[in-house]
Structures are given as C-alpha cells and as structure tokens.
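Undergrad: Okay, here's the structure, questions in a sec.
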Amino acid sequence: TAMYDQSSNAAKLRLVKGSHIVVKRKFEGDHSYIFQNRDGRIIFAIPYEGDHTLIGTTDQPWSYDEGPAKISDSEIDYLCEAASEYFEESVNRDDIEWTYSGVRPLFDDHSRTAATVTRDFVFDFDDENGAPVLSIFGGKITTYRVLALQAIRTLSDALDIDGVDWTKEASLPGGDFPADGFDALVDQYAKRWDFLDKFVVQRLVRAYGTDTAAMLDNVRKTADLGQKFGAGLYEIELRWLVDHEFASTAEDTLWRRSKLGLHMTEAEQQAVARWFEGQVPHAKSNLKHS
C-alpha cells in the first residue's frame, strides 16, 4: 500500500545502488536460494540464462556525481565472500562473466543505512495549486500494477474516470495464453517452424509470447530469418525489436533486453553492433558491459 504525503514540500529521493554478478552455473536445478549474511542482510542466488547463476544484491548510496552506475571492487568482494560461505566451491573474481548495477530511487525516510530505506512507493498529490500534480517516489517492477492502479484512483476525480481495475484480467503484449500454457505454446510453434532449433523457439516464446507468431508469420524457411548472428539470434528478431520495441543499439539488445551477450563471442556481438549501425543511423557501437 502506498504512503501519502499531502504536503506541498518537495519529497526527497534516496538513491541506492544495487549490483549483481553473473557466474557459470553453481548448482543444478531451477530453485533459487536466499543466503543470510553475517551483517544481517541477505543475498540471493538464482538460476540464470540456462547455464549461469545470478548473485546479488548490494545496497550502496549513490549520487549522479559518480557517473553511470557500475559495480565497485568492494561490492565484488562482498558478494563473492557472502556467496562463498554457502557454495561448496568458493566464488572468486575470476569466475565473474558479467556484472550489472541499477539505482533504486527510494523515498528518503531518514533511515540510517541504505539497506533499511523503505521500498514502498510514496505519493505526493497536490490538487490545490492549479493543475493537479501527482509525484510518485520509489516503487519497483514487482509492484508496478498496484502502483499504477492506485495512481489512477488518486487521479480519478481530476481525470473524470472511475478508476476501475481493468488490468486485473488484462495480459501484457504476447501474454494472451494460459499461465500453464508455455510448454504447449512452444510445442505448437516448434511444429509450425520445424526448421528452427527448439531452444530458439523456447527463448522466443519466453521473450515475446504469442508475438512470436507475428514475428515469424512470413517465415517459411531458414533463409527467411535473415542474417544469423549466433546464440539463436537472427536478423528477423532484430528487425522486430527495432520496429516494435524501440531497440536502437547492440548494447541495449544483447545485455539489457535479452542477455544474449552471455552466450555470444565478441565477434558475434560486434556483428550485431555493425547491423545496428547500418539500420539505425544514430546507433553507436558500445559493447562495454561490465
């Protein structure tokens, strides 16, 4: 549930960086694990991209003066040491294949440490000084539908709408199939496009759901897929991303969206970058990902 701040004073954000490391798979199975650290925090270990394990996360204060968020040496040491307490084989710097960091825009509740700052979202609604303004602080991907619904309800009078929760039964793009219907959809598409490796079909369905059929609608043979880049990535998928999902760089496509960079050689990644440079005039080759 959102907290509300009806004051006209500007609320302040507390920017907290969370960093992660990705290593080769450390355990079999599809379970995720939470590890209790000596400092009272937890970290997690999650099966990732088939043959990798994702380990995170940290809580570090961050400011714009630091430039783009990236993992620090101390964060690497922290995650390696914390995970090594639980795995049979220790996690070392040399095991790390990729890292990524994000910044949480949290509401500053004056907690003493970054780890204890509230993760709830906070609304600051001002409807007394001209046009109504709703400022939203905090929030995260796991609660975005609840946040959106409460925002619409807060603005219902100003927008002259009823704030009905229509998203309850709505699906995201490509998600119009039963929750337990993934395997059946993969089998259906694998039969229709039987010249594709099944692992490629599985990845496409995991990423695009039923939009996979729209992407491949005119594909009758392997040549219709266009250039092959590696790791099951074909030109037809890149064109879909550019035309329908606003992709504009190899970095964005291979590391933020798909994580295919983990499975591709440097030469294969550079081939994707050159493709973007030829298709998207403002695209730049920037494949630094750690």
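Residues are named by chain letter and number: chains run A, B, ... in the order of the structure tokens, numbers start at 1 in each chain, and ligands are numbered from 1 in the order shown.
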Need the shell around region 162-174 of chain A: protein/DNA/RNA residues with any atom at most 7 Å away, counting only C-alpha atoms. Skip same-chain ones fewer than 3 positions apart. Format as an NGL selection string?

TA: :A and (149 or 152-153 or 156 or 208-211)

Undergrad: Write out, as a PDB file, in the first residue's frame, the residues just selected, with N, CA and C atoms.

TA:
ATOM      1  N   LEU A 149      -2.514   1.269 -10.508  1.00  0.00           N
ATOM      2  CA  LEU A 149      -3.926   1.298 -10.123  1.00  0.00           C
ATOM      3  C   LEU A 149      -4.183   2.369  -9.070  1.00  0.00           C
ATOM      4  N   ILE A 152      -4.097   5.833 -10.648  1.00  0.00           N
ATOM      5  CA  ILE A 152      -5.318   6.161 -11.377  1.00  0.00           C
ATOM      6  C   ILE A 152      -6.455   6.484 -10.412  1.00  0.00           C
ATOM      7  N   ARG A 153      -6.541   5.736  -9.328  1.00  0.00           N
ATOM      8  CA  ARG A 153      -7.589   6.028  -8.343  1.00  0.00           C
ATOM      9  C   ARG A 153      -7.378   7.402  -7.713  1.00  0.00           C
ATOM     10  N   SER A 156      -8.543   9.923 -10.217  1.00  0.00           N
ATOM     11  CA  SER A 156      -9.831   9.654 -10.855  1.00  0.00           C
ATOM     12  C   SER A 156     -10.716  10.894 -10.951  1.00  0.00           C
ATOM     13  N   TYR A 208       8.794 -13.193 -26.054  1.00  0.00           N
ATOM     14  CA  TYR A 208       7.758 -12.494 -26.813  1.00  0.00           C
ATOM     15  C   TYR A 208       6.377 -13.135 -26.728  1.00  0.00           C
ATOM     16  N   GLY A 209       6.266 -14.316 -26.140  1.00  0.00           N
ATOM     17  CA  GLY A 209       4.968 -14.975 -26.035  1.00  0.00           C
ATOM     18  C   GLY A 209       4.345 -15.193 -27.398  1.00  0.00           C
ATOM     19  N   THR A 210       3.049 -14.871 -27.505  1.00  0.00           N
ATOM     20  CA  THR A 210       2.342 -15.075 -28.759  1.00  0.00           C
ATOM     21  C   THR A 210       2.772 -14.094 -29.841  1.00  0.00           C
ATOM     22  N   ASP A 211       3.475 -13.040 -29.488  1.00  0.00           N
ATOM     23  CA  ASP A 211       4.033 -12.146 -30.505  1.00  0.00           C
ATOM     24  C   ASP A 211       5.064 -12.867 -31.370  1.00  0.00           C
TER      25      ASP A 211
END

Undergrad: Step one, run DSSP on the backbone; step two, keep only residues of region 86-134 of chain A assigned to helix (DSSP H, G or I); then write them as a PyMOL selection string.

TA: chain A and resi 93-95+114-116

Undergrad: Could you give me the residues within region 78-253 of chain A that DSSP places in strand (DSSP E or B), as a list in words?

TA: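 So the strand (DSSP E or B) residues in region 78-253 of chain A would be Ile96, Glu97, Trp98, Thr99, Tyr100, Ser101, Gly102, Val103, Arg104, Pro105, Leu106, Phe107, Val122, Phe123, Asp124, Phe125, Asp126, Val133, Leu134, Ser135, Ile136, Phe137, Lys228, Phe229, Gly230, Leu233 and Tyr234 of chain A.
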
Undergrad: When you look at Gln188 (chain A) with a cut-off of 12 Å (counting only C-alpha atoms), what residues show up, excluding the ones that are within fewer than 3 positions of it in the same chain? I need them as a PyMOL selection string.

TA: chain A and resi 181-185+191-194+198+201-202+205+209-210+212-213

Undergrad: Just write the chosen residues, N, CA and C atoms, as a PDB file, in the first residue's frame.

TA:
ATOM      1  N   GLY A 181       0.456 -22.600 -19.900  1.00  0.00           N
ATOM      2  CA  GLY A 181       0.449 -22.994 -21.300  1.00  0.00           C
ATOM      3  C   GLY A 181       1.730 -22.747 -22.057  1.00  0.00           C
ATOM      4  N   PHE A 182       2.816 -22.457 -21.338  1.00  0.00           N
ATOM      5  CA  PHE A 182       4.079 -22.138 -22.022  1.00  0.00           C
ATOM      6  C   PHE A 182       4.578 -23.310 -22.859  1.00  0.00           C
ATOM      7  N   ASP A 183       4.661 -24.481 -22.260  1.00  0.00           N
ATOM      8  CA  ASP A 183       5.197 -25.642 -22.975  1.00  0.00           C
ATOM      9  C   ASP A 183       4.350 -25.977 -24.196  1.00  0.00           C
ATOM     10  N   ALA A 184       3.041 -25.857 -24.064  1.00  0.00           N
ATOM     11  CA  ALA A 184       2.159 -26.152 -25.190  1.00  0.00           C
ATOM     12  C   ALA A 184       2.371 -25.157 -26.322  1.00  0.00           C
ATOM     13  N   LEU A 185       2.594 -23.885 -25.973  1.00  0.00           N
ATOM     14  CA  LEU A 185       2.832 -22.860 -26.996  1.00  0.00           C
ATOM     15  C   LEU A 185       4.166 -23.116 -27.705  1.00  0.00           C
ATOM     16  N   LYS A 191       6.445 -26.973 -33.957  1.00  0.00           N
ATOM     17  CA  LYS A 191       5.882 -27.787 -35.042  1.00  0.00           C
ATOM     18  C   LYS A 191       5.658 -26.945 -36.287  1.00  0.00           C
ATOM     19  N   ARG A 192       5.206 -25.714 -36.090  1.00  0.00           N
ATOM     20  CA  ARG A 192       4.936 -24.834 -37.241  1.00  0.00           C
ATOM     21  C   ARG A 192       6.228 -24.407 -37.927  1.00  0.00           C
ATOM     22  N   TRP A 193       7.244 -24.080 -37.138  1.00  0.00           N
ATOM     23  CA  TRP A 193       8.542 -23.676 -37.698  1.00  0.00           C
ATOM     24  C   TRP A 193       9.562 -24.761 -37.344  1.00  0.00           C
ATOM     25  N   ASP A 194       9.379 -25.929 -37.950  1.00  0.00           N
ATOM     26  CA  ASP A 194      10.147 -27.105 -37.553  1.00  0.00           C
ATOM     27  C   ASP A 194      11.606 -27.073 -37.970  1.00  0.00           C
ATOM     28  N   LYS A 198      14.714 -26.097 -31.231  1.00  0.00           N
ATOM     29  CA  LYS A 198      13.679 -25.884 -30.223  1.00  0.00           C
ATOM     30  C   LYS A 198      14.126 -24.895 -29.155  1.00  0.00           C
ATOM     31  N   VAL A 201      13.125 -21.546 -30.280  1.00  0.00           N
ATOM     32  CA  VAL A 201      11.686 -21.332 -30.108  1.00  0.00           C
ATOM     33  C   VAL A 201      11.363 -21.066 -28.643  1.00  0.00           C
ATOM     34  N   GLN A 202      11.975 -21.815 -27.732  1.00  0.00           N
ATOM     35  CA  GLN A 202      11.733 -21.605 -26.304  1.00  0.00           C
ATOM     36  C   GLN A 202      12.133 -20.203 -25.878  1.00  0.00           C
ATOM     37  N   VAL A 205       9.603 -17.619 -27.306  1.00  0.00           N
ATOM     38  CA  VAL A 205       8.327 -17.635 -26.592  1.00  0.00           C
ATOM     39  C   VAL A 205       8.493 -17.044 -25.199  1.00  0.00           C
ATOM     40  N   GLY A 209       6.266 -14.316 -26.140  1.00  0.00           N
ATOM     41  CA  GLY A 209       4.968 -14.975 -26.035  1.00  0.00           C
ATOM     42  C   GLY A 209       4.345 -15.193 -27.398  1.00  0.00           C
ATOM     43  N   THR A 210       3.049 -14.871 -27.505  1.00  0.00           N
ATOM     44  CA  THR A 210       2.342 -15.075 -28.759  1.00  0.00           C
ATOM     45  C   THR A 210       2.772 -14.094 -29.841  1.00  0.00           C
ATOM     46  N   THR A 212       5.566 -13.999 -30.887  1.00  0.00           N
ATOM     47  CA  THR A 212       6.489 -14.801 -31.693  1.00  0.00           C
ATOM     48  C   THR A 212       5.854 -15.166 -33.031  1.00  0.00           C
ATOM     49  N   ALA A 213       4.569 -15.505 -32.997  1.00  0.00           N
ATOM     50  CA  ALA A 213       3.878 -15.875 -34.236  1.00  0.00           C
ATOM     51  C   ALA A 213       3.786 -14.705 -35.194  1.00  0.00           C
TER      52      ALA A 213
END

Undergrad: Expressed in Å to a single decimal, how great is the separation between CA of Gly232 (chain A) and CA of Asp197 (chain A)?

TA: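 Value for the CA of Gly232 (chain A)-CA of Asp197 (chain A) distance: 8.1 Å.
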
Undergrad: Counting only C-alpha atoms, figure out which residue out of A:Lys17, A:His110, A:His31, A:Arg38 gets nearest to Glu85 (chain A).

TA: A:Arg38

Undergrad: Have a look at A:Ser32, A:Thr249, A:Gln270, A:Ser19 and name the one nearest to Ile46 (chain A); count only C-alpha atoms.

TA: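 Ranking A:Ser32, A:Thr249, A:Gln270, A:Ser19 by distance to Ile46 (chain A), first place goes to A:Ser32.
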
Undergrad: So that I can see what lies close to Met264 (chain A), please list as an NGL selection string the residues with an atom at most 8 Å from it, counting only C-alpha atoms and leaving out residues fewer than 4 positions away in the same chain.

TA: :A and (230-231 or 260 or 268-269)

Undergrad: As a list in words, please: the residues near Arg257 (chain A) (cut-off 10 Å, only C-alpha atoms, same-chain neighbours under 3 positions excluded).

TA: Ala207, Leu241, Ala247, Ala250, Glu251, Asp252, Thr253, Leu254 and Leu260 of chain A

Undergrad: Return the single residue from A:Pro178, A:Glu66, A:Trp275, A:Asp160 that is closest to Gly226 (chain A), with distances computed using only C-alpha atoms.

TA: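 Going through A:Pro178, A:Glu66, A:Trp275, A:Asp160 one by one, the smallest distance to Gly226 (chain A) is for A:Trp275.
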
Undergrad: If we count only C-alpha atoms and set the cut-off at 10 Å, which residues sit around Thr58 (chain A), ignoring sequence neighbours fewer than 3 positions away in its own chain? Please answer as a list in words.

TA: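 With the cut-off at 10 Å, the set is Val16, Lys17, Gly18, Ser19, His20, Arg41, Ile42, Ile43, Ile55, Pro61, Ile71, Glu75, Ile76, Tyr78, Leu79, Ser101, Gly102, Ala114 and Ala115 of chain A.
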
Undergrad: Using only C-alpha atoms, please write the residues we just selected to a file, as a PDB file, in the first residue's frame.

TA:
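So the final result, stored in out-v9.pdb, reads:
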ATOM      1  CA  VAL A  16      20.676   3.382  -3.606  1.00  0.00           C
ATOM      2  CA  LYS A  17      22.777   1.247  -5.941  1.00  0.00           C
ATOM      3  CA  GLY A  18      22.298  -2.493  -6.212  1.00  0.00           C
ATOM      4  CA  SER A  19      24.946  -4.549  -8.015  1.00  0.00           C
ATOM      5  CA  HIS A  20      24.981  -8.149  -9.225  1.00  0.00           C
ATOM      6  CA  ARG A  41      21.411  -8.607   5.127  1.00  0.00           C
ATOM      7  CA  ILE A  42      20.581 -11.312   2.609  1.00  0.00           C
ATOM      8  CA  ILE A  43      21.771 -12.086  -0.886  1.00  0.00           C
ATOM      9  CA  ILE A  55      24.199 -13.484  -7.367  1.00  0.00           C
ATOM     10  CA  PRO A  61      24.474   5.004  -1.518  1.00  0.00           C
ATOM     11  CA  ILE A  71      29.834  -2.364  -9.551  1.00  0.00           C
ATOM     12  CA  GLU A  75      30.794  -4.817  -3.873  1.00  0.00           C
ATOM     13  CA  ILE A  76      32.503  -7.607  -5.821  1.00  0.00           C
ATOM     14  CA  TYR A  78      31.183  -8.510  -0.638  1.00  0.00           C
ATOM     15  CA  LEU A  79      29.156 -10.715  -2.998  1.00  0.00           C
ATOM     16  CA  SER A 101      24.133  -2.380 -11.454  1.00  0.00           C
ATOM     17  CA  GLY A 102      20.912  -0.468 -11.027  1.00  0.00           C
ATOM     18  CA  ALA A 114      20.736   2.288   2.600  1.00  0.00           C
ATOM     19  CA  ALA A 115      19.596  -1.258   3.347  1.00  0.00           C
TER      20      ALA A 115
END

Undergrad: Nearest to Gly50 (chain A) among A:Asp126, A:Asp30, A:Asp95, A:Asp120, with distances taken over only C-alpha atoms: which residue is it?

TA: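 Using only C-alpha atoms, the shortest distance to Gly50 (chain A) belongs to A:Asp30.
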
Undergrad: Would you compute the distance between CA of Leu159 (chain A) and CA of Glu128 (chain A)? Give it in Å to one decimal.

TA: 15.0 Å
